[in-house]
$ cat start-v7.cif   # mmCIF, C-alpha atoms
data_run
#
loop_
_atom_site.label_atom_id
_atom_site.label_comp_id
_atom_site.auth_asym_id
_atom_site.auth_seq_id
_atom_site.Cartn_x
_atom_site.Cartn_y
_atom_site.Cartn_z
CA MET H 1118 -41.91 40.80 -196.24
CA LYS H 1119 -43.95 37.62 -195.99
CA ARG H 1120 -43.33 37.48 -192.26
CA ILE H 1121 -44.57 41.04 -191.78
CA LEU H 1122 -47.72 40.23 -193.72
CA VAL H 1123 -48.41 37.10 -191.65
CA GLY H 1124 -47.78 39.11 -188.50
CA LEU H 1125 -50.19 41.81 -189.66
CA VAL H 1126 -52.92 39.32 -190.51
CA LEU H 1127 -52.46 37.59 -187.15
CA THR H 1128 -52.67 40.89 -185.22
CA VAL H 1129 -55.79 41.95 -187.06
CA THR H 1130 -57.43 38.56 -186.46
CA LEU H 1131 -56.51 38.69 -182.79
CA PHE H 1132 -57.97 42.17 -182.34
CA TYR H 1133 -61.06 41.15 -184.25
CA LEU H 1134 -61.55 38.12 -182.02
CA LEU H 1135 -61.04 40.23 -178.89
CA TYR H 1136 -63.52 42.76 -180.20
CA LEU H 1137 -66.06 40.04 -180.90
CA SER H 1138 -65.65 38.26 -177.58
CA GLU H 1139 -65.98 41.41 -175.49
CA PRO H 1140 -69.67 42.17 -175.94
CA ALA H 1141 -70.51 38.50 -175.45
CA SER H 1142 -68.87 38.43 -172.04
CA ALA H 1143 -69.80 41.99 -171.04
CA GLY H 1144 -73.41 42.08 -172.25
CA LYS H 1145 -74.83 38.93 -170.73
CA LYS H 1146 -78.37 38.37 -171.95
CA ARG H 1147 -81.08 39.26 -169.51
CA THR H 1148 -83.53 36.55 -168.54
CA PHE H 1149 -87.29 36.57 -168.06
CA GLU H 1150 -86.80 35.79 -164.35
CA GLU H 1151 -84.55 38.83 -163.89
CA ASP H 1152 -86.98 41.06 -165.75
CA ILE H 1153 -90.04 40.10 -163.72
CA LYS H 1154 -88.38 40.93 -160.39
CA GLN H 1155 -90.41 43.73 -158.88
CA ASP H 1156 -89.54 46.75 -156.79
CA TRP H 1157 -91.60 47.43 -153.67
CA ALA H 1158 -93.99 49.82 -155.42
CA GLN H 1159 -94.64 47.40 -158.29
CA LYS H 1160 -95.48 44.70 -155.74
CA VAL H 1161 -97.88 47.00 -153.93
CA CYS H 1162 -99.62 47.83 -157.23
CA SER H 1163 -100.00 44.17 -158.32
CA ASN H 1164 -103.63 43.68 -157.38
CA PRO H 1165 -106.85 43.49 -159.44
CA GLU H 1166 -107.88 47.02 -158.51
CA ALA H 1167 -104.36 48.43 -159.17
CA LYS H 1168 -104.67 50.42 -155.96
CA VAL H 1169 -102.36 51.06 -153.01
CA PRO H 1170 -103.87 49.93 -149.70
CA GLU H 1171 -104.88 52.94 -147.58
CA GLU H 1172 -102.36 52.21 -144.82
CA LEU H 1173 -99.44 52.19 -147.28
CA LEU H 1174 -100.41 55.26 -149.26
CA ASP H 1175 -98.32 57.86 -147.40
CA ARG H 1176 -95.18 55.75 -147.53
CA PHE H 1177 -95.85 54.95 -151.19
CA LEU H 1178 -96.20 58.59 -152.25
CA GLU H 1179 -93.22 59.70 -150.23
CA GLU H 1180 -90.97 57.03 -151.72
CA GLN H 1181 -92.11 57.84 -155.25
CA ARG H 1182 -91.53 61.57 -154.75
CA LYS H 1183 -88.02 60.87 -153.48
CA LEU H 1184 -87.15 59.11 -156.75
CA ILE H 1185 -87.57 62.27 -158.82
CA LYS H 1186 -84.30 63.86 -159.95
CA TYR H 1187 -83.67 67.07 -161.89
CA PRO H 1188 -81.29 67.93 -164.74
CA GLU H 1189 -77.87 69.06 -163.53
CA SER H 1190 -78.47 72.47 -165.10
CA GLY H 1191 -81.62 72.80 -163.02
CA ASN H 1192 -83.51 73.70 -166.20
CA ILE H 1193 -86.72 71.70 -166.54
CA TYR H 1194 -87.85 73.56 -169.69
CA GLY H 1195 -85.86 72.28 -172.65
CA ASP H 1196 -86.21 72.43 -176.42
CA TRP H 1197 -89.71 71.71 -177.76
CA LYS H 1198 -88.42 70.51 -181.15
CA ARG H 1199 -86.28 67.85 -179.52
CA GLY H 1200 -89.23 67.11 -177.24
CA GLU H 1201 -91.46 66.52 -180.23
CA LYS H 1202 -89.14 63.81 -181.56
CA LEU H 1203 -88.83 62.15 -178.16
CA PHE H 1204 -92.60 62.28 -177.69
CA SER H 1205 -93.34 60.33 -180.86
CA ASN H 1206 -90.31 58.02 -181.00
CA PRO H 1207 -91.55 54.48 -180.12
CA LYS H 1208 -88.11 53.71 -178.69
CA LYS H 1209 -88.05 56.74 -176.42
CA GLY H 1210 -91.14 58.46 -175.01
CA ASN H 1211 -93.62 56.63 -177.22
CA CYS H 1212 -96.21 58.96 -175.71
CA TYR H 1213 -98.52 58.77 -178.75
CA ALA H 1214 -99.10 55.12 -177.91
CA CYS H 1215 -101.55 56.34 -175.27
CA HIS H 1216 -102.07 60.10 -175.80
CA CYS H 1217 -103.27 62.17 -178.72
CA GLY H 1218 -101.97 65.73 -179.05
CA ASP H 1219 -100.75 67.06 -182.38
CA PRO H 1220 -103.80 66.78 -184.68
CA LYS H 1221 -101.45 65.69 -187.49
CA GLU H 1222 -100.54 62.56 -185.54
CA LEU H 1223 -103.41 60.19 -186.33
CA ALA H 1224 -101.89 57.01 -184.92
CA CYS H 1225 -102.47 58.00 -181.32
CA GLY H 1226 -104.00 55.94 -178.55
CA ASN H 1227 -106.83 56.79 -176.18
CA ILE H 1228 -105.67 55.26 -172.90
CA GLY H 1229 -104.41 58.59 -171.55
CA PRO H 1230 -106.12 61.97 -171.87
CA ASN H 1231 -105.87 63.96 -175.10
CA LEU H 1232 -103.07 66.52 -174.65
CA ARG H 1233 -104.23 68.93 -177.36
CA GLY H 1234 -103.87 72.48 -176.01
CA TYR H 1235 -102.12 71.27 -172.84
CA GLY H 1236 -100.03 74.46 -172.60
CA LYS H 1237 -103.13 76.62 -172.46
CA LYS H 1238 -104.27 74.97 -169.26
CA LYS H 1239 -101.71 76.99 -167.31
CA LYS H 1240 -100.28 74.04 -165.47
CA ASP H 1241 -96.98 74.45 -163.67
CA PRO H 1242 -94.19 73.10 -165.94
CA GLU H 1243 -92.55 71.65 -162.86
CA TYR H 1244 -95.66 69.57 -162.22
CA THR H 1245 -95.49 68.34 -165.84
CA TYR H 1246 -91.81 67.45 -165.37
CA ARG H 1247 -92.47 65.55 -162.17
CA LYS H 1248 -95.50 63.75 -163.56
CA ILE H 1249 -93.53 62.46 -166.56
CA TYR H 1250 -90.52 61.57 -164.41
CA ASN H 1251 -92.65 59.58 -162.00
CA SER H 1252 -96.39 59.36 -162.59
CA TRP H 1253 -96.79 57.20 -159.50
CA ALA H 1254 -95.87 60.16 -157.27
CA TYR H 1255 -99.22 61.64 -158.34
CA VAL H 1256 -101.41 58.73 -159.43
CA PRO H 1257 -100.27 55.59 -157.58
CA CYS H 1258 -100.20 52.49 -159.81
CA SER H 1259 -101.18 54.52 -162.90
CA VAL H 1260 -100.83 52.75 -166.24
CA MET H 1261 -98.43 55.58 -167.24
CA TYR H 1262 -94.92 54.21 -166.95
CA ARG H 1263 -92.36 55.96 -164.74
CA ALA H 1264 -90.14 57.27 -167.52
CA GLY H 1265 -87.49 58.90 -165.33
CA VAL H 1266 -87.43 56.26 -162.61
CA HIS H 1267 -86.64 53.53 -165.12
CA GLY H 1268 -84.22 55.71 -167.06
CA ARG H 1269 -86.15 55.34 -170.30
CA LEU H 1270 -85.88 59.13 -170.51
CA THR H 1271 -83.05 61.19 -169.01
CA PRO H 1272 -83.89 64.32 -166.96
CA GLU H 1273 -82.81 66.45 -169.94
CA GLU H 1274 -85.06 64.52 -172.31
CA ILE H 1275 -88.00 64.95 -169.96
CA ALA H 1276 -87.30 68.71 -169.88
CA ASP H 1277 -87.53 68.72 -173.70
CA ILE H 1278 -90.92 67.00 -173.56
CA VAL H 1279 -92.08 69.55 -170.97
CA ALA H 1280 -91.27 72.28 -173.50
CA TYR H 1281 -93.10 70.38 -176.25
CA LEU H 1282 -96.22 70.29 -174.05
CA HIS H 1283 -96.06 73.90 -172.81
CA SER H 1284 -94.51 75.96 -175.62
CA GLU H 1285 -96.83 78.25 -177.55
CA GLU H 1286 -95.01 77.32 -180.75
CA SER H 1287 -95.51 73.60 -180.26
CA PRO H 1288 -98.06 71.88 -182.52
CA ILE H 1289 -99.67 70.62 -179.31
CA ASN H 1290 -100.84 74.18 -178.61
CA LYS H 1291 -101.16 75.69 -182.09
CA MET U 555 -126.51 80.84 -193.14
CA SER U 556 -129.04 79.62 -195.67
CA ILE U 557 -130.66 76.25 -195.32
CA LYS U 558 -128.88 75.09 -198.48
CA TYR U 559 -125.45 75.63 -196.94
CA PHE U 560 -126.56 74.06 -193.73
CA LEU U 561 -127.70 70.92 -195.58
CA LEU U 562 -124.49 70.83 -197.58
CA PHE U 563 -122.48 71.07 -194.36
CA MET U 564 -124.47 68.26 -192.76
CA LEU U 565 -124.01 66.09 -195.81
CA THR U 566 -120.23 66.55 -196.06
CA SER U 567 -119.67 66.03 -192.34
CA GLY U 568 -121.86 62.95 -192.55
CA ILE U 569 -119.77 61.55 -195.40
CA LEU U 570 -116.57 62.38 -193.54
CA ALA U 571 -117.76 60.70 -190.37
CA PHE U 572 -118.84 57.68 -192.39
CA SER U 573 -115.51 57.31 -194.20
CA PHE U 574 -113.56 57.63 -190.96
CA ALA U 575 -115.79 55.04 -189.35
CA GLY U 576 -114.98 52.87 -192.37
CA ASP U 577 -111.24 53.38 -191.88
CA ARG U 578 -111.39 52.62 -188.22
CA LEU U 579 -113.87 49.83 -188.66
CA ASP U 580 -114.90 48.05 -185.52
CA PRO U 581 -112.02 45.55 -185.04
CA ALA U 582 -114.40 42.56 -185.10
CA GLU U 583 -115.79 43.74 -188.44
CA GLU U 584 -112.26 44.21 -189.80
CA VAL U 585 -111.39 40.60 -188.89
CA LYS U 586 -114.55 39.33 -190.63
CA LYS U 587 -113.69 41.33 -193.73
CA GLN U 588 -110.14 39.95 -193.87
CA LYS U 589 -111.37 36.40 -193.38
CA LYS U 590 -113.87 36.72 -196.21
CA LEU U 591 -111.23 38.27 -198.45
CA LEU U 592 -108.73 35.46 -197.85
CA LEU U 593 -111.37 32.80 -198.33
CA GLU U 594 -112.43 34.33 -201.65
CA MET U 595 -108.83 34.63 -202.79
CA MET U 596 -107.54 31.20 -201.79
CA GLY U 597 -110.65 29.06 -201.47
CA ILE U 598 -109.36 27.80 -198.10
CA LEU U 599 -108.22 29.57 -194.94
CA PRO U 600 -104.47 29.42 -194.25
CA GLY U 601 -105.22 28.10 -190.75
CA ASP U 602 -107.03 25.10 -192.18
CA VAL U 603 -104.02 24.32 -194.36
CA ILE U 604 -101.89 24.23 -191.23
CA VAL U 605 -104.35 21.89 -189.51
CA GLU U 606 -103.97 19.53 -192.47
CA GLU U 607 -100.20 19.77 -192.13
CA GLY U 608 -100.52 18.90 -188.45
CA LYS U 609 -102.74 15.96 -189.30
CA GLU U 610 -100.04 14.59 -191.60
CA ILE U 611 -97.38 14.90 -188.90
CA PHE U 612 -99.77 13.21 -186.45
CA HIS U 613 -99.99 10.12 -188.65
CA LYS U 614 -96.35 10.03 -189.73
CA GLU U 615 -94.05 7.57 -187.99
CA GLY U 616 -91.23 9.00 -185.92
CA PRO U 617 -87.67 7.63 -185.78
CA ASN U 618 -88.65 4.66 -183.60
CA GLY U 619 -91.50 3.60 -185.83
CA LYS U 620 -94.28 5.13 -183.79
CA SER U 621 -96.57 7.96 -184.73
CA CYS U 622 -98.92 9.96 -182.52
CA ALA U 623 -101.71 7.87 -184.04
CA SER U 624 -100.06 4.64 -182.77
CA CYS U 625 -101.11 5.58 -179.24
CA HIS U 626 -104.04 7.94 -179.81
CA GLY U 627 -105.67 6.16 -182.76
CA LYS U 628 -106.41 7.33 -186.25
CA ASP U 629 -107.50 10.99 -186.18
CA GLY U 630 -107.00 10.91 -182.40
CA LYS U 631 -110.15 8.84 -182.03
CA GLY U 632 -108.61 5.70 -180.52
CA GLU U 633 -110.31 3.68 -177.82
CA LYS U 634 -107.33 4.29 -175.59
CA LEU U 635 -105.99 7.81 -175.08
CA PRO U 636 -108.37 9.59 -177.45
CA LEU U 637 -107.54 13.23 -178.04
CA VAL U 638 -111.03 14.38 -178.88
CA GLY U 639 -111.90 16.90 -176.18
CA ALA U 640 -108.40 16.81 -174.65
CA TYR U 641 -107.52 20.41 -175.46
CA ALA U 642 -110.66 21.71 -173.73
CA THR U 643 -109.20 20.43 -170.44
CA MET U 644 -105.68 21.86 -170.80
CA PRO U 645 -103.33 22.88 -169.22
CA LYS U 646 -103.31 19.75 -167.11
CA TYR U 647 -101.09 17.62 -164.87
CA TYR U 648 -99.52 14.65 -166.68
CA LYS U 649 -98.22 11.80 -164.60
CA ASP U 650 -95.71 10.53 -167.18
CA ILE U 651 -93.78 13.80 -167.12
CA ASP U 652 -94.81 14.78 -163.56
CA MET U 653 -95.58 18.27 -164.80
CA VAL U 654 -98.46 20.53 -165.61
CA ALA U 655 -98.27 21.05 -169.36
CA ASP U 656 -99.90 23.36 -171.87
CA LEU U 657 -100.61 22.29 -175.44
CA ASP U 658 -97.11 23.08 -176.76
CA LEU U 659 -95.24 21.38 -173.93
CA ARG U 660 -97.46 18.29 -173.99
CA VAL U 661 -97.03 17.83 -177.74
CA LYS U 662 -93.27 18.31 -177.48
CA SER U 663 -92.81 15.94 -174.54
CA CYS U 664 -94.91 13.24 -176.22
CA MET U 665 -92.85 13.42 -179.39
CA GLU U 666 -89.60 13.19 -177.49
CA LYS U 667 -90.76 10.43 -175.18
CA TYR U 668 -92.77 8.15 -177.45
CA THR U 669 -92.04 8.77 -181.11
CA GLY U 670 -88.28 8.96 -180.68
CA TYR U 671 -87.77 12.41 -182.18
CA ASP U 672 -84.32 13.79 -181.47
CA PRO U 673 -84.86 16.55 -178.85
CA GLU U 674 -82.43 18.66 -180.91
CA GLU U 675 -84.85 18.52 -183.85
CA LEU U 676 -87.63 19.94 -181.71
CA LYS U 677 -85.59 22.77 -180.26
CA GLY U 678 -86.03 26.45 -181.09
CA LYS U 679 -87.51 27.81 -184.30
CA LYS U 680 -86.88 24.61 -186.27
CA GLY U 681 -88.91 22.65 -183.74
CA ARG U 682 -91.78 25.13 -183.90
CA LYS U 683 -92.33 24.15 -187.55
CA ILE U 684 -93.34 20.68 -186.32
CA ILE U 685 -94.89 21.52 -182.96
CA VAL U 686 -97.13 24.44 -184.00
CA PRO U 687 -99.04 22.58 -186.77
CA LEU U 688 -99.30 19.48 -184.62
CA ALA U 689 -100.55 21.46 -181.62
CA THR U 690 -103.10 23.24 -183.82
CA TYR U 691 -104.35 19.94 -185.20
CA VAL U 692 -104.64 18.40 -181.72
CA ALA U 693 -106.51 21.46 -180.42
CA SER U 694 -108.89 21.34 -183.40
CA LEU U 695 -109.94 17.84 -182.33
CA SER U 696 -111.85 19.54 -179.49
CA ASN U 697 -113.82 21.83 -181.76
CA GLY U 698 -117.41 22.27 -180.68
CA MET U 699 -116.67 21.22 -177.10
CA LYS U 700 -116.83 23.46 -174.07
CA PHE U 701 -113.71 24.52 -172.21
CA ASN U 702 -113.62 22.92 -168.79
CA VAL U 703 -110.42 23.33 -166.77
CA GLN U 704 -110.71 22.68 -163.04
CA PRO U 705 -107.38 22.76 -161.18
CA ARG U 706 -107.53 19.79 -158.77
CA HIS U 707 -104.03 18.30 -158.59
CA PRO U 708 -101.78 20.29 -156.19
CA LYS U 709 -99.46 21.14 -159.08
CA GLU U 710 -102.40 22.40 -161.13
CA LYS U 711 -103.54 24.57 -158.23
CA GLU U 712 -100.03 25.90 -157.84
CA MET U 713 -99.87 26.74 -161.57
CA TYR U 714 -103.19 28.55 -161.39
CA LYS U 715 -101.94 30.62 -158.47
CA LYS U 716 -98.70 31.48 -160.27
CA GLY U 717 -100.66 32.42 -163.38
CA GLU U 718 -102.98 34.69 -161.46
CA GLU U 719 -99.97 36.36 -159.81
CA LEU U 720 -98.28 36.90 -163.17
CA TRP U 721 -101.50 38.27 -164.66
CA TYR U 722 -101.57 41.09 -162.11
CA ALA U 723 -97.81 41.57 -161.63
CA ARG U 724 -96.58 45.05 -162.56
CA VAL U 725 -93.17 44.39 -164.10
CA GLY U 726 -90.33 45.81 -166.14
CA LYS U 727 -89.42 49.26 -167.31
CA MET U 728 -92.95 49.99 -168.48
CA ASP U 729 -94.59 49.00 -165.17
CA PHE U 730 -97.21 47.00 -167.08
CA SER U 731 -99.12 43.88 -166.16
CA CYS U 732 -101.36 41.71 -168.33
CA ALA U 733 -104.32 43.03 -166.34
CA MET U 734 -103.63 46.72 -166.96
CA CYS U 735 -103.93 46.36 -170.73
CA HIS U 736 -106.37 43.49 -170.98
CA ASP U 737 -108.74 44.00 -168.04
CA LYS U 738 -108.64 47.64 -167.02
CA TYR U 739 -108.00 49.16 -170.46
CA GLY U 740 -109.31 46.31 -172.62
CA GLY U 741 -111.14 47.78 -175.61
CA TYR U 742 -109.08 51.00 -175.54
CA ARG U 743 -106.46 51.73 -178.20
CA ILE U 744 -102.66 51.68 -178.14
CA ARG U 745 -101.87 53.75 -181.22
CA LEU U 746 -104.54 52.34 -183.57
CA GLN U 747 -104.63 48.85 -182.11
CA THR U 748 -107.57 47.94 -179.94
CA LEU U 749 -106.50 46.01 -176.86
CA ALA U 750 -107.99 42.51 -176.67
CA GLU U 751 -110.06 41.34 -173.71
CA PRO U 752 -108.94 37.73 -173.31
CA LYS U 753 -111.02 36.97 -170.24
CA LYS U 754 -114.23 38.38 -171.68
CA SER U 755 -113.72 36.68 -175.04
CA LYS U 756 -112.76 33.34 -173.37
CA VAL U 757 -109.55 33.52 -175.33
CA MET U 758 -108.33 29.93 -175.00
CA ARG U 759 -111.26 28.67 -177.03
CA TYR U 760 -109.92 30.17 -180.26
CA TRP U 761 -106.18 29.63 -179.90
CA PRO U 762 -103.96 28.50 -181.62
CA ALA U 763 -104.95 31.17 -184.11
CA TYR U 764 -103.94 32.28 -187.58
CA ARG U 765 -102.70 35.89 -187.53
CA TYR U 766 -103.42 37.49 -190.87
CA SER U 767 -101.22 40.53 -190.09
CA LYS U 768 -98.21 38.20 -189.83
CA ASP U 769 -99.45 35.38 -192.07
CA LYS U 770 -98.51 32.93 -189.32
CA MET U 771 -100.11 30.38 -187.07
CA TRP U 772 -99.45 31.24 -183.44
CA THR U 773 -100.03 29.18 -180.34
CA MET U 774 -100.75 30.96 -177.06
CA GLU U 775 -97.03 30.62 -176.23
CA ASP U 776 -96.17 32.74 -179.27
CA ARG U 777 -98.82 35.26 -178.21
CA ILE U 778 -97.50 35.50 -174.62
CA ARG U 779 -93.95 36.00 -175.89
CA GLY U 780 -95.21 38.75 -178.19
CA CYS U 781 -96.91 40.50 -175.27
CA TYR U 782 -93.81 40.45 -173.07
CA LYS U 783 -91.72 41.76 -175.94
CA GLN U 784 -94.09 44.69 -176.33
CA ILE U 785 -93.82 45.61 -172.65
CA ARG U 786 -90.01 45.39 -172.90
CA VAL U 787 -89.62 42.32 -170.70
CA THR U 788 -87.30 39.53 -171.92
CA LYS U 789 -89.53 36.88 -173.48
CA PRO U 790 -89.86 33.62 -171.53
CA PRO U 791 -88.35 30.79 -173.62
CA PHE U 792 -90.82 28.38 -175.25
CA TYR U 793 -92.20 25.72 -172.86
CA HIS U 794 -91.30 27.87 -169.83
CA TRP U 795 -93.48 27.53 -166.71
CA ALA U 796 -94.78 31.09 -167.20
CA HIS U 797 -96.61 29.98 -170.37
CA VAL U 798 -98.24 27.12 -168.53
CA ALA U 799 -99.17 29.30 -165.55
CA LEU U 800 -100.71 32.13 -167.59
CA GLN U 801 -102.62 29.68 -169.76
CA MET U 802 -103.90 27.89 -166.67
CA TYR U 803 -105.28 31.21 -165.46
CA MET U 804 -106.74 32.12 -168.85
CA ALA U 805 -108.15 28.61 -169.38
CA VAL U 806 -110.11 28.72 -166.11
CA ASN U 807 -111.39 32.10 -167.27
CA SER U 808 -112.34 30.54 -170.61
CA ASN U 809 -114.49 27.82 -169.06
CA GLY U 810 -117.79 27.40 -170.85
CA GLY U 811 -116.39 28.79 -174.12
CA VAL U 812 -116.82 26.55 -177.14
CA VAL U 813 -113.55 25.53 -178.84
CA GLU U 814 -113.18 26.88 -182.38
CA VAL U 815 -109.63 26.23 -183.59
CA PRO U 816 -107.82 27.54 -185.54
CA GLY U 817 -108.93 31.02 -184.55
CA PHE U 818 -108.56 33.88 -186.99
CA VAL U 819 -107.14 37.10 -185.54
CA ARG U 820 -105.38 40.23 -186.67
#
$ encode --input "start-v7.cif" --output "structure tokens"
Amino acid sequence: MKRILVGLVLTVTLFYLLYLSEPASAGKKRTFEEDIKQDWAQKVCSNPEAKVPEELLDRFLEEQRKLIKYPESGNIYGDWKRGEKLFSNPKKGNCYACHCGDPKELACGNIGPNLRGYGKKKKDPEYTYRKIYNSWAYVPCSVMYRAGVHGRLTPEEIADIVAYLHSEESPINK
Amino acid sequence: MSIKYFLLFMLTSGILAFSFAGDRLDPAEEVKKQKKLLLEMMGILPGDVIVEEGKEIFHKEGPNGKSCASCHGKDGKGEKLPLVGAYATMPKYYKDIDMVADLDLRVKSCMEKYTGYDPEELKGKKGRKIIVPLATYVASLSNGMKFNVQPRHPKEKEMYKKGEELWYARVGKMDFSCAMCHDKYGGYRIRLQTLAEPKKSKVMRYWPAYRYSKDKMWTMEDRIRGCYKQIRVTKPPFYHWAHVALQMYMAVNSNGGVVEVPGFVR
């Protein structure tokens, strides 16, 4: 009996140790140096005017457009209620950091345009999708981060935000 | 609509506008209000308490019997190596360490090299409890003097260049740079926070600063780490070259600003 108990305790400890050591070896901490490595577009945008030089503009736009991917279902118009959560969540879209929209959300920034009534402007939802996925395909070097390019939002999540912006039922348009 | 209703409407909207303006007070006014409040409550500003703490550390002997004052004189006013005015010329190249150092790095390297502090004691968060007050005290010795940083040594020039590059570099998953928030959109709001304009306000002149929202004294290194965290880039460790480089850039842009340390910020 004693032997079984000791064996059990040893096994549990061993598994526990294995479990603990795995994330340490798998999830190596990122460094500042790694994080400040730039892609070509970021390099091009790193100037005081935050502008792409004329001669690079065509290549820049083409490359940025190529980065845009769509949901597997092909549906770019998701669920506005899910979109609402993603829009305000500081760890996901965090869109209210820069945009106002729902009049109930008072803690909204003013760096980007106010999105109140966005759906009534009759914009093409596909444009909205593409703009959120990669703002730099439309406004090179914009302060708006490239949510899809960096994977901060998945294609499906972006589709939900598109619905939040366009739907008639959404507080953005009510 | 009768004139009575019209007047009533004007009055209520006026009151509403006024109370909102009060809520979203001009950020400079808000800081003044907080400062006054703290001063009334405590009789002394927390930042000044930390300067006193730094002064004590400055005059206390380290493990090998030497204090900062042994080399720099009482209150940093020695005939040799006085520290009065030193901060207004930093970051700077120091021959003894063959490096360009900012305030934090210079204080740390001096303590390790001359007062015999165990480098382990000065590491990480534990070390900050000694270095931050000391750095604040040393910076305060330049109060009233004008910032004047002129990169001349090749290593200083190199640091300035690196700092300028970092200032404009679009990095990380948010594609931000210091310049996007603090030059181009300085004065705008992220959520309800107004973005500071470090170049316009000659920022180095009032750092290290006491942050009332955190009840903590921060050096510029703490501030830079906070910024990188917010733009989702791994923070550079304390005393990393990026701190020195960015401060070199901001210091040159602070030239002419009168030192007033500790600053008092949100």
$ resolve_selection --input "start-v7.cif" --expression "the PyMOL selection byres ((chain U) within 10 of (chain H))" --output "PDB file with C-alpha atoms, keeping the file's coordinate frame"
ATOM      1  CA  GLU U 718    -102.980  34.690-161.460  1.00  0.00           C
ATOM      2  CA  GLU U 719     -99.970  36.360-159.810  1.00  0.00           C
ATOM      3  CA  LEU U 720     -98.280  36.900-163.170  1.00  0.00           C
ATOM      4  CA  TRP U 721    -101.500  38.270-164.660  1.00  0.00           C
ATOM      5  CA  TYR U 722    -101.570  41.090-162.110  1.00  0.00           C
ATOM      6  CA  ALA U 723     -97.810  41.570-161.630  1.00  0.00           C
ATOM      7  CA  ARG U 724     -96.580  45.050-162.560  1.00  0.00           C
ATOM      8  CA  VAL U 725     -93.170  44.390-164.100  1.00  0.00           C
ATOM      9  CA  GLY U 726     -90.330  45.810-166.140  1.00  0.00           C
ATOM     10  CA  LYS U 727     -89.420  49.260-167.310  1.00  0.00           C
ATOM     11  CA  MET U 728     -92.950  49.990-168.480  1.00  0.00           C
ATOM     12  CA  ASP U 729     -94.590  49.000-165.170  1.00  0.00           C
ATOM     13  CA  PHE U 730     -97.210  47.000-167.080  1.00  0.00           C
ATOM     14  CA  SER U 731     -99.120  43.880-166.160  1.00  0.00           C
ATOM     15  CA  ALA U 733    -104.320  43.030-166.340  1.00  0.00           C
ATOM     16  CA  MET U 734    -103.630  46.720-166.960  1.00  0.00           C
ATOM     17  CA  CYS U 735    -103.930  46.360-170.730  1.00  0.00           C
ATOM     18  CA  ASP U 737    -108.740  44.000-168.040  1.00  0.00           C
ATOM     19  CA  LYS U 738    -108.640  47.640-167.020  1.00  0.00           C
ATOM     20  CA  TYR U 739    -108.000  49.160-170.460  1.00  0.00           C
ATOM     21  CA  GLY U 740    -109.310  46.310-172.620  1.00  0.00           C
ATOM     22  CA  GLY U 741    -111.140  47.780-175.610  1.00  0.00           C
ATOM     23  CA  TYR U 742    -109.080  51.000-175.540  1.00  0.00           C
ATOM     24  CA  ARG U 743    -106.460  51.730-178.200  1.00  0.00           C
ATOM     25  CA  ILE U 744    -102.660  51.680-178.140  1.00  0.00           C
ATOM     26  CA  ARG U 745    -101.870  53.750-181.220  1.00  0.00           C
ATOM     27  CA  LEU U 746    -104.540  52.340-183.570  1.00  0.00           C
ATOM     28  CA  GLN U 747    -104.630  48.850-182.110  1.00  0.00           C
ATOM     29  CA  THR U 748    -107.570  47.940-179.940  1.00  0.00           C
ATOM     30  CA  TYR U 782     -93.810  40.450-173.070  1.00  0.00           C
ATOM     31  CA  ARG U 786     -90.010  45.390-172.900  1.00  0.00           C
ATOM     32  CA  VAL U 787     -89.620  42.320-170.700  1.00  0.00           C
ATOM     33  CA  THR U 788     -87.300  39.530-171.920  1.00  0.00           C
ATOM     34  CA  LYS U 789     -89.530  36.880-173.480  1.00  0.00           C
ATOM     35  CA  PRO U 790     -89.860  33.620-171.530  1.00  0.00           C
ATOM     36  CA  PRO U 791     -88.350  30.790-173.620  1.00  0.00           C
ATOM     37  CA  HIS U 794     -91.300  27.870-169.830  1.00  0.00           C
ATOM     38  CA  ALA U 796     -94.780  31.090-167.200  1.00  0.00           C
TER      39      ALA U 796
END
$ residues_around --input "start-v7.cif" --residues "segment 750-758 of chain U" --least-positions-apart "6" --cutoff "10 Å" --atoms "only C-alpha atoms" --output "ChimeraX atom specification"
/U:581,641-642,644,701,732-733,735-743,773-774,801-815,817
$ resolve_selection --input "start-v7.cif" --expression "the PyMOL selection byres ((chain U and resi 659-667) around 9)" --output "NGL selection string"
:U and (616 or 621-622 or 645 or 648 or 651 or 654-658 or 668-673 or 676 or 681 or 685 or 688-689 or 692 or 792-794 or 798)
$ atom_distance --input "start-v7.cif" --atom1 "atom CA of Leu1282 of chain H" --atom2 "atom CA of Lys1239 of chain H"
11.0 Å
$ closest_residue --input "start-v7.cif" --among "U:Glu712, U:Lys589, U:Val703, U:Val686" --to "Ala640 of chain U" --atoms "all atoms listed in the file"
U:Val703
$ resolve_selection --input "start-v7.cif" --expression "the PyMOL selection byres ((chain H and resi 1197-1202) around 12)" --output "PyMOL selection string"
chain H and resi 1193-1196+1203-1213+1218-1219+1222+1236+1270-1290
$ atom_distance --input "start-v7.cif" --atom1 "atom CA of Arg759 of chain U" --atom2 "atom CA of Leu599 of chain U"
18.2 Å
$ atom_distance --input "start-v7.cif" --atom1 "atom CA of Ile1249 of chain H" --atom2 "atom CA of Ile785 of chain U"
17.9 Å
